[in-house]
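Source file: data-v5.pdb. Holds: PDB, C-alpha atoms.
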```
ATOM      1  CA  MET A   1    -121.837  48.393 -49.580
ATOM      2  CA  VAL A   2    -118.916  49.180 -47.300
ATOM      3  CA  HIS A   3    -121.257  51.109 -44.986
ATOM      4  CA  ALA A   4    -123.547  48.069 -44.829
ATOM      5  CA  LEU A   5    -120.586  45.900 -43.871
ATOM      6  CA  GLU A   6    -119.646  48.341 -41.121
ATOM      7  CA  SER A   7    -123.205  48.111 -39.742
ATOM      8  CA  ILE A   8    -123.011  44.336 -39.840
ATOM      9  CA  HIS A   9    -119.718  44.450 -37.969
ATOM     10  CA  ARG A  10    -121.452  46.354 -35.170
ATOM     11  CA  LEU A  11    -124.428  43.967 -35.062
ATOM     12  CA  LEU A  12    -122.235  40.875 -34.760
ATOM     13  CA  LYS A  13    -120.934  39.485 -31.498
ATOM     14  CA  PRO A  14    -117.125  39.680 -31.185
ATOM     15  CA  SER A  15    -116.738  36.038 -32.202
ATOM     16  CA  GLY A  16    -119.513  36.235 -34.775
ATOM     17  CA  ALA A  17    -119.401  35.335 -38.455
ATOM     18  CA  LEU A  18    -120.598  37.030 -41.608
ATOM     19  CA  ILE A  19    -121.774  34.685 -44.334
ATOM     20  CA  ASP A  20    -121.893  36.273 -47.758
ATOM     21  CA  ILE A  21    -123.623  34.530 -50.643
ATOM     22  CA  HIS A  22    -123.629  36.116 -54.079
ATOM     23  CA  PRO A  23    -123.254  35.063 -57.712
ATOM     24  CA  VAL A  24    -119.808  35.116 -59.250
ATOM     25  CA  ALA A  25    -119.193  37.879 -61.773
ATOM     26  CA  GLU A  26    -119.639  35.725 -64.853
ATOM     27  CA  SER A  27    -122.352  34.864 -67.340
ATOM     28  CA  SER A  28    -124.628  31.969 -66.434
ATOM     29  CA  PRO A  29    -124.851  28.917 -68.715
ATOM     30  CA  LEU A  30    -128.287  28.058 -70.055
ATOM     31  CA  GLU A  31    -128.760  24.307 -70.399
ATOM     32  CA  ILE A  32    -131.270  21.704 -71.472
ATOM     33  CA  HIS A  33    -131.532  18.747 -69.108
ATOM     34  CA  GLN A  34    -133.144  15.540 -70.252
ATOM     35  CA  GLY A  35    -132.769  12.020 -68.963
ATOM     36  CA  GLY A  36    -129.383  12.613 -67.388
ATOM     37  CA  THR A  37    -127.889  14.464 -70.326
ATOM     38  CA  ILE A  38    -127.021  18.165 -70.326
ATOM     39  CA  ASP A  39    -126.743  20.286 -73.465
ATOM     40  CA  GLN A  40    -125.560  23.853 -73.319
ATOM     41  CA  VAL A  41    -127.651  26.359 -75.295
ATOM     42  CA  GLY A  42    -125.807  29.578 -74.545
ATOM     43  CA  TYR A  43    -124.987  32.058 -71.825
ATOM     44  CA  LEU A  44    -127.212  34.526 -70.033
ATOM     45  CA  SER A  45    -125.312  37.718 -69.430
ATOM     46  CA  VAL A  46    -126.679  40.692 -67.534
ATOM     47  CA  PRO A  47    -123.859  43.266 -67.330
ATOM     48  CA  GLN A  48    -125.290  45.022 -64.262
ATOM     49  CA  TRP A  49    -125.387  41.772 -62.302
ATOM     50  CA  CYS A  50    -121.775  41.005 -63.205
ATOM     51  CA  LEU A  51    -120.745  44.517 -62.188
ATOM     52  CA  ASP A  52    -122.684  44.216 -58.913
ATOM     53  CA  SER A  53    -120.913  40.955 -58.128
ATOM     54  CA  ARG A  54    -117.509  42.478 -58.765
ATOM     55  CA  GLN A  55    -118.384  45.436 -56.538
ATOM     56  CA  ALA A  56    -119.491  43.051 -53.787
ATOM     57  CA  ASP A  57    -116.128  41.261 -54.032
ATOM     58  CA  ASP A  58    -114.336  44.612 -53.857
ATOM     59  CA  ALA A  59    -116.328  45.741 -50.801
ATOM     60  CA  LEU A  60    -115.520  42.514 -48.958
ATOM     61  CA  ALA A  61    -111.844  42.836 -49.859
ATOM     62  CA  ASP A  62    -111.881  46.419 -48.597
ATOM     63  CA  VAL A  63    -113.274  45.603 -45.149
ATOM     64  CA  ALA A  64    -110.889  42.658 -44.892
ATOM     65  CA  ARG A  65    -107.942  44.972 -45.641
ATOM     66  CA  ARG A  66    -109.153  47.334 -42.926
ATOM     67  CA  GLY A  67    -109.268  44.490 -40.414
ATOM     68  CA  LEU A  68    -113.031  44.574 -39.829
ATOM     69  CA  PHE A  69    -113.371  40.981 -41.000
ATOM     70  CA  THR A  70    -111.033  38.088 -41.676
ATOM     71  CA  LEU A  71    -111.833  35.666 -44.474
ATOM     72  CA  GLU A  72    -111.951  32.162 -42.973
ATOM     73  CA  ARG A  73    -113.507  30.059 -45.673
ATOM     74  CA  SER A  74    -114.659  30.413 -49.235
ATOM     75  CA  SER A  75    -116.170  28.079 -51.793
ATOM     76  CA  LYS A  76    -118.447  27.964 -54.813
ATOM     77  CA  PHE A  77    -121.577  26.047 -55.706
ATOM     78  CA  ASP A  78    -124.030  25.919 -58.604
ATOM     79  CA  ALA A  79    -127.576  27.089 -57.949
ATOM     80  CA  LEU A  80    -129.846  25.659 -60.646
ATOM     81  CA  THR A  81    -133.196  27.150 -61.642
ATOM     82  CA  TYR A  82    -135.516  24.935 -63.706
ATOM     83  CA  TYR A  83    -138.103  26.141 -66.227
ATOM     84  CA  ASP A  84    -140.724  24.111 -68.067
ATOM     85  CA  SER A  85    -140.644  26.422 -71.077
ATOM     86  CA  ALA A  86    -138.554  29.107 -72.708
ATOM     87  CA  ALA A  87    -141.415  31.616 -72.337
ATOM     88  CA  GLU A  88    -141.404  30.974 -68.612
ATOM     89  CA  MET A  89    -137.661  31.551 -68.472
ATOM     90  CA  ALA A  90    -137.842  34.755 -70.522
ATOM     91  CA  SER A  91    -140.621  36.109 -68.335
ATOM     92  CA  SER A  92    -138.836  35.227 -65.108
ATOM     93  CA  VAL A  93    -135.510  36.735 -66.218
ATOM     94  CA  LYS A  94    -137.247  39.924 -67.407
ATOM     95  CA  GLU A  95    -139.004  40.202 -64.052
ATOM     96  CA  SER A  96    -135.666  39.896 -62.222
ATOM     97  CA  ILE A  97    -133.982  42.444 -64.464
ATOM     98  CA  ASP A  98    -136.882  44.899 -64.008
ATOM     99  CA  LYS A  99    -136.853  44.378 -60.258
ATOM    100  CA  PHE A 100    -133.156  45.004 -59.746
ATOM    101  CA  ALA A 101    -132.388  47.463 -62.559
ATOM    102  CA  ARG A 102    -130.836  50.670 -61.335
ATOM    103  CA  ASP A 103    -130.820  52.446 -64.677
ATOM    104  CA  ALA A 104    -131.820  52.080 -68.327
ATOM    105  CA  SER A 105    -128.619  50.231 -69.242
ATOM    106  CA  ALA A 106    -129.761  47.214 -67.205
ATOM    107  CA  ILE A 107    -132.914  46.933 -69.319
ATOM    108  CA  GLU A 108    -130.741  46.547 -72.420
ATOM    109  CA  ALA A 109    -130.090  42.971 -71.339
ATOM    110  CA  VAL A 110    -133.772  42.054 -71.809
ATOM    111  CA  PRO A 111    -133.742  41.646 -75.631
ATOM    112  CA  GLN A 112    -130.593  39.538 -75.399
ATOM    113  CA  ALA A 113    -132.244  37.313 -72.801
ATOM    114  CA  GLN A 114    -135.372  37.030 -74.935
ATOM    115  CA  ALA A 115    -133.354  36.094 -78.037
ATOM    116  CA  LEU A 116    -131.540  33.475 -75.998
ATOM    117  CA  ALA A 117    -134.869  32.146 -74.703
ATOM    118  CA  GLU A 118    -136.210  31.908 -78.243
ATOM    119  CA  ARG A 119    -133.199  29.870 -79.329
ATOM    120  CA  ALA A 120    -133.502  27.722 -76.207
ATOM    121  CA  GLY A 121    -137.199  27.189 -76.943
ATOM    122  CA  GLN A 122    -136.424  25.701 -80.340
ATOM    123  CA  THR A 123    -133.857  23.347 -78.826
ATOM    124  CA  LEU A 124    -136.246  22.468 -76.008
ATOM    125  CA  ARG A 125    -139.047  21.576 -78.430
ATOM    126  CA  ALA A 126    -136.663  19.475 -80.500
ATOM    127  CA  ALA A 127    -135.534  17.643 -77.353
ATOM    128  CA  GLY A 128    -139.097  16.445 -76.738
ATOM    129  CA  VAL A 129    -141.027  15.375 -73.657
ATOM    130  CA  GLY A 130    -139.368  15.653 -70.248
ATOM    131  CA  ALA A 131    -136.741  18.180 -71.270
ATOM    132  CA  GLU A 132    -136.217  21.140 -68.951
ATOM    133  CA  LEU A 133    -134.519  24.461 -69.361
ATOM    134  CA  VAL A 134    -131.989  25.257 -66.648
ATOM    135  CA  ILE A 135    -130.000  28.344 -65.717
ATOM    136  CA  ARG A 136    -126.843  27.414 -63.832
ATOM    137  CA  GLU A 137    -125.779  30.248 -61.565
ATOM    138  CA  ARG A 138    -122.268  29.891 -60.184
ATOM    139  CA  THR A 139    -122.436  31.213 -56.641
ATOM    140  CA  HIS A 140    -119.790  32.230 -54.160
ATOM    141  CA  ILE A 141    -120.201  31.631 -50.405
ATOM    142  CA  SER A 142    -117.739  32.905 -47.868
ATOM    143  CA  ARG A 143    -117.366  33.040 -44.105
ATOM    144  CA  LEU A 144    -115.736  36.073 -42.571
ATOM    145  CA  LYS A 145    -114.908  36.297 -38.906
ATOM    146  CA  ARG A 146    -115.520  39.527 -37.071
TER     147      ARG A 146
ATOM    148  CA  MET B   1    -146.059  26.446 -65.296
ATOM    149  CA  THR B   2    -143.604  26.391 -62.456
ATOM    150  CA  VAL B   3    -140.164  27.785 -61.825
ATOM    151  CA  ARG B   4    -138.139  25.618 -59.490
ATOM    152  CA  ILE B   5    -135.324  27.502 -57.836
ATOM    153  CA  ASP B   6    -132.545  25.287 -56.556
ATOM    154  CA  PRO B   7    -134.859  22.341 -55.736
ATOM    155  CA  ASP B   8    -131.878  20.327 -54.496
ATOM    156  CA  HIS B   9    -131.230  22.925 -51.780
ATOM    157  CA  THR B  10    -127.574  23.268 -52.734
ATOM    158  CA  ASP B  11    -127.705  26.762 -51.215
ATOM    159  CA  ALA B  12    -128.620  25.426 -47.769
ATOM    160  CA  ARG B  13    -126.076  22.610 -48.030
ATOM    161  CA  ALA B  14    -123.380  25.123 -48.921
ATOM    162  CA  LEU B  15    -124.408  27.193 -45.897
ATOM    163  CA  PHE B  16    -124.220  24.200 -43.540
ATOM    164  CA  ASP B  17    -120.790  23.305 -44.948
ATOM    165  CA  THR B  18    -119.623  26.859 -44.334
ATOM    166  CA  VAL B  19    -120.879  27.586 -40.821
ATOM    167  CA  ASP B  20    -122.402  25.773 -37.867
ATOM    168  CA  ILE B  21    -125.681  27.574 -37.228
ATOM    169  CA  ARG B  22    -127.075  25.151 -34.648
ATOM    170  CA  GLY B  23    -128.662  27.101 -31.817
ATOM    171  CA  LYS B  24    -127.229  30.396 -33.056
ATOM    172  CA  GLY B  25    -128.876  33.798 -33.309
ATOM    173  CA  VAL B  26    -128.996  34.619 -37.017
ATOM    174  CA  LEU B  27    -129.722  37.843 -38.857
ATOM    175  CA  GLU B  28    -130.515  37.359 -42.546
ATOM    176  CA  ILE B  29    -130.313  40.479 -44.682
ATOM    177  CA  GLY B  30    -132.337  40.521 -47.883
ATOM    178  CA  SER B  31    -134.490  37.513 -47.113
ATOM    179  CA  GLY B  32    -136.876  38.130 -50.029
ATOM    180  CA  ASP B  33    -139.903  35.855 -49.986
ATOM    181  CA  GLY B  34    -138.250  33.595 -47.409
ATOM    182  CA  ARG B  35    -137.404  30.761 -49.804
ATOM    183  CA  PHE B  36    -133.846  30.426 -48.492
ATOM    184  CA  THR B  37    -134.757  31.194 -44.857
ATOM    185  CA  TRP B  38    -137.106  28.210 -44.543
ATOM    186  CA  ARG B  39    -134.296  25.951 -45.728
ATOM    187  CA  TYR B  40    -131.958  26.624 -42.831
ATOM    188  CA  ALA B  41    -134.072  28.101 -40.010
ATOM    189  CA  ASP B  42    -134.907  24.713 -38.452
ATOM    190  CA  ARG B  43    -131.268  24.407 -37.406
ATOM    191  CA  ALA B  44    -130.819  27.911 -36.033
ATOM    192  CA  GLY B  45    -131.725  29.050 -32.545
ATOM    193  CA  ARG B  46    -133.486  32.212 -33.629
ATOM    194  CA  VAL B  47    -133.666  33.973 -37.004
ATOM    195  CA  THR B  48    -134.407  37.624 -37.697
ATOM    196  CA  ALA B  49    -134.986  38.010 -41.420
ATOM    197  CA  ILE B  50    -135.136  41.530 -42.833
ATOM    198  CA  GLU B  51    -136.285  42.504 -46.316
ATOM    199  CA  PRO B  52    -136.607  46.105 -47.589
ATOM    200  CA  VAL B  53    -139.017  45.403 -50.469
ATOM    201  CA  ALA B  54    -142.570  45.437 -49.099
ATOM    202  CA  LYS B  55    -143.998  43.038 -51.681
ATOM    203  CA  GLN B  56    -141.302  40.441 -50.985
ATOM    204  CA  ALA B  57    -141.619  40.860 -47.218
ATOM    205  CA  ALA B  58    -145.399  40.370 -47.452
ATOM    206  CA  LEU B  59    -144.900  37.180 -49.449
ATOM    207  CA  ALA B  60    -142.566  35.885 -46.757
ATOM    208  CA  VAL B  61    -145.150  36.567 -44.033
ATOM    209  CA  GLU B  62    -147.748  34.732 -46.103
ATOM    210  CA  ARG B  63    -145.464  31.754 -46.726
ATOM    211  CA  LEU B  64    -143.854  31.390 -43.295
ATOM    212  CA  PRO B  65    -144.248  27.708 -42.388
ATOM    213  CA  SER B  66    -146.158  27.200 -39.133
ATOM    214  CA  ARG B  67    -143.324  25.092 -37.713
ATOM    215  CA  LEU B  68    -141.050  28.156 -37.849
ATOM    216  CA  ARG B  69    -143.420  30.748 -36.374
ATOM    217  CA  ASP B  70    -141.730  30.730 -32.954
ATOM    218  CA  ARG B  71    -138.251  30.764 -34.407
ATOM    219  CA  VAL B  72    -138.328  33.253 -37.285
ATOM    220  CA  GLU B  73    -139.080  36.961 -37.019
ATOM    221  CA  LEU B  74    -139.795  38.645 -40.365
ATOM    222  CA  ARG B  75    -139.408  42.383 -40.766
ATOM    223  CA  ASN B  76    -139.985  44.728 -43.687
ATOM    224  CA  ILE B  77    -137.065  47.069 -43.059
ATOM    225  CA  ALA B  78    -133.806  48.162 -44.673
ATOM    226  CA  LEU B  79    -130.505  47.270 -43.022
ATOM    227  CA  GLU B  80    -129.675  50.915 -42.352
ATOM    228  CA  ASP B  81    -132.896  51.435 -40.364
ATOM    229  CA  PHE B  82    -132.655  48.084 -38.640
ATOM    230  CA  ALA B  83    -129.046  48.701 -37.582
ATOM    231  CA  SER B  84    -129.823  52.153 -36.198
ATOM    232  CA  THR B  85    -132.388  50.726 -33.784
ATOM    233  CA  SER B  86    -130.669  47.463 -32.843
ATOM    234  CA  PRO B  87    -128.193  46.887 -30.018
ATOM    235  CA  SER B  88    -124.567  46.114 -30.801
ATOM    236  CA  SER B  89    -123.301  42.527 -30.698
ATOM    237  CA  ALA B  90    -126.823  41.111 -31.016
ATOM    238  CA  PHE B  91    -126.160  38.261 -33.443
ATOM    239  CA  ASP B  92    -123.862  35.251 -33.723
ATOM    240  CA  ILE B  93    -124.210  35.052 -37.498
ATOM    241  CA  VAL B  94    -125.219  37.499 -40.211
ATOM    242  CA  ILE B  95    -126.181  36.103 -43.602
ATOM    243  CA  LEU B  96    -126.082  38.312 -46.660
ATOM    244  CA  SER B  97    -128.181  36.246 -49.009
ATOM    245  CA  TRP B  98    -127.663  37.559 -52.528
ATOM    246  CA  SER B  99    -127.987  41.070 -51.089
ATOM    247  CA  LEU B 100    -124.542  42.650 -51.017
ATOM    248  CA  CYS B 101    -124.866  43.189 -54.774
TER     249      CYS B 101
END
```

As structure tokens, what does this structure read like?
Amino acid sequence: MVHALESIHRLLKPSGALIDIHPVAESSPLEIHQGGTIDQVGYLSVPQWCLDSRQADDALADVARRGLFTLERSSKFDALTYYDSAAEMASSVKESIDKFARDASAIEAVPQAQALAERAGQTLRAAGVGAELVIRERTHISRLKR
Amino acid sequence: MTVRIDPDHTDARALFDTVDIRGKGVLEIGSGDGRFTWRYADRAGRVTAIEPVAKQAALAVERLPSRLRDRVELRNIALEDFASTSPSSAFDIVILSWSLC
């Protein structure tokens, strides 16, 4: 990560800016949205993703300490992903985990995500027509000056 | 069945609140299937979007909106390889979109 940031430093013009966008190192709430109301079903937690986010924060802090970049601005926003069904959510989350897994431990999050999807599916069916399943991913965006 | 990822474009709005990209030369690292790129590229001067995963890069090529064809260059390449063949100080802005992790 630090090596990547050093490469970016070289590619940027002297007055250039690095914009980093990545999820915060926390679990993501799973919600049911219907007619303006939001009910929380649980939390989706993928340990590898949380670890990756923390490592990204550490790498940025490291290059800032070394004077390669100066943090100018930082904020957070919620990126929402909508699913029509729990099966769709389970399939999509499994696909993401499979795609980004670096080792077997990452795959261990799949059954937990599937159990959460099953519970969400029951709540979604009970909520009736028009209800949607939503994962709320808290995301960090920062601007660093070269 | 459809999955709608950030349909309100909060990601692009957060980007515009964070940096002025109008007319700027932008390098996006980890551009995936281009979903995020299309949301901001209209405002930029020129965008080079690199993605190391061939399948994702191919999807981006397939989905590149015609209005952006002259403005966005898509490349299936890892940052390390791209950096080793690119001149220094080539970009005004570099965006790491969900890719530092």

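Picked out by the PyMOL selection byres ((chain A and resi 12) around 6) when it runs on this file: His9, Arg10, Leu11, Lys13 and Gly16 of chain A; Ser89, Ala90, Phe91 and Asp92 of chain B.
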
| said: For the provided coordinates, the residues matched by the PyMOL selection byres ((chain A) within 9 of (chain B)) should be stated as an NGL selection string. | reply: :A and (1 or 3-5 or 7-23 or 49 or 51-57 or 59 or 73-85 or 88-89 or 92 or 139 or 141-143)

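Here, the PyMOL selection byres ((chain A and resi 135) around 8) matches A:Ser28, A:Pro29, A:Leu30, A:Glu31, A:Leu80, A:Thr81, A:Tyr82, A:Leu133, A:Val134, A:Arg136, A:Glu137.
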
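Picture a line from atom CA of A:Ile97 to atom CA of A:Ser27; it runs 14.2 Å.
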
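Counting all atoms listed in the file and comparing B:Phe36, B:Asn76, B:Pro65, B:Asp42, the residue that lies closest to B:Gly23 is B:Asp42.
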
| Non-local contacts of B:Ala58 (12 Å; all atoms listed in the file; under 5 positions in same chain excluded) as a PyMOL selection string | chain B and resi 31-34+50-53+63-64+74-77

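Around the coordinate (-135.8, 30.0, -35.2), residues that reach within 9 Å when counting only C-alpha atoms are Gly23, Lys24, Gly25, Val26, Ala41, Asp42, Arg43, Ala44, Gly45, Arg46, Val47, Thr48, Leu68, Arg69, Asp70, Arg71, Val72 and Glu73 of chain B.
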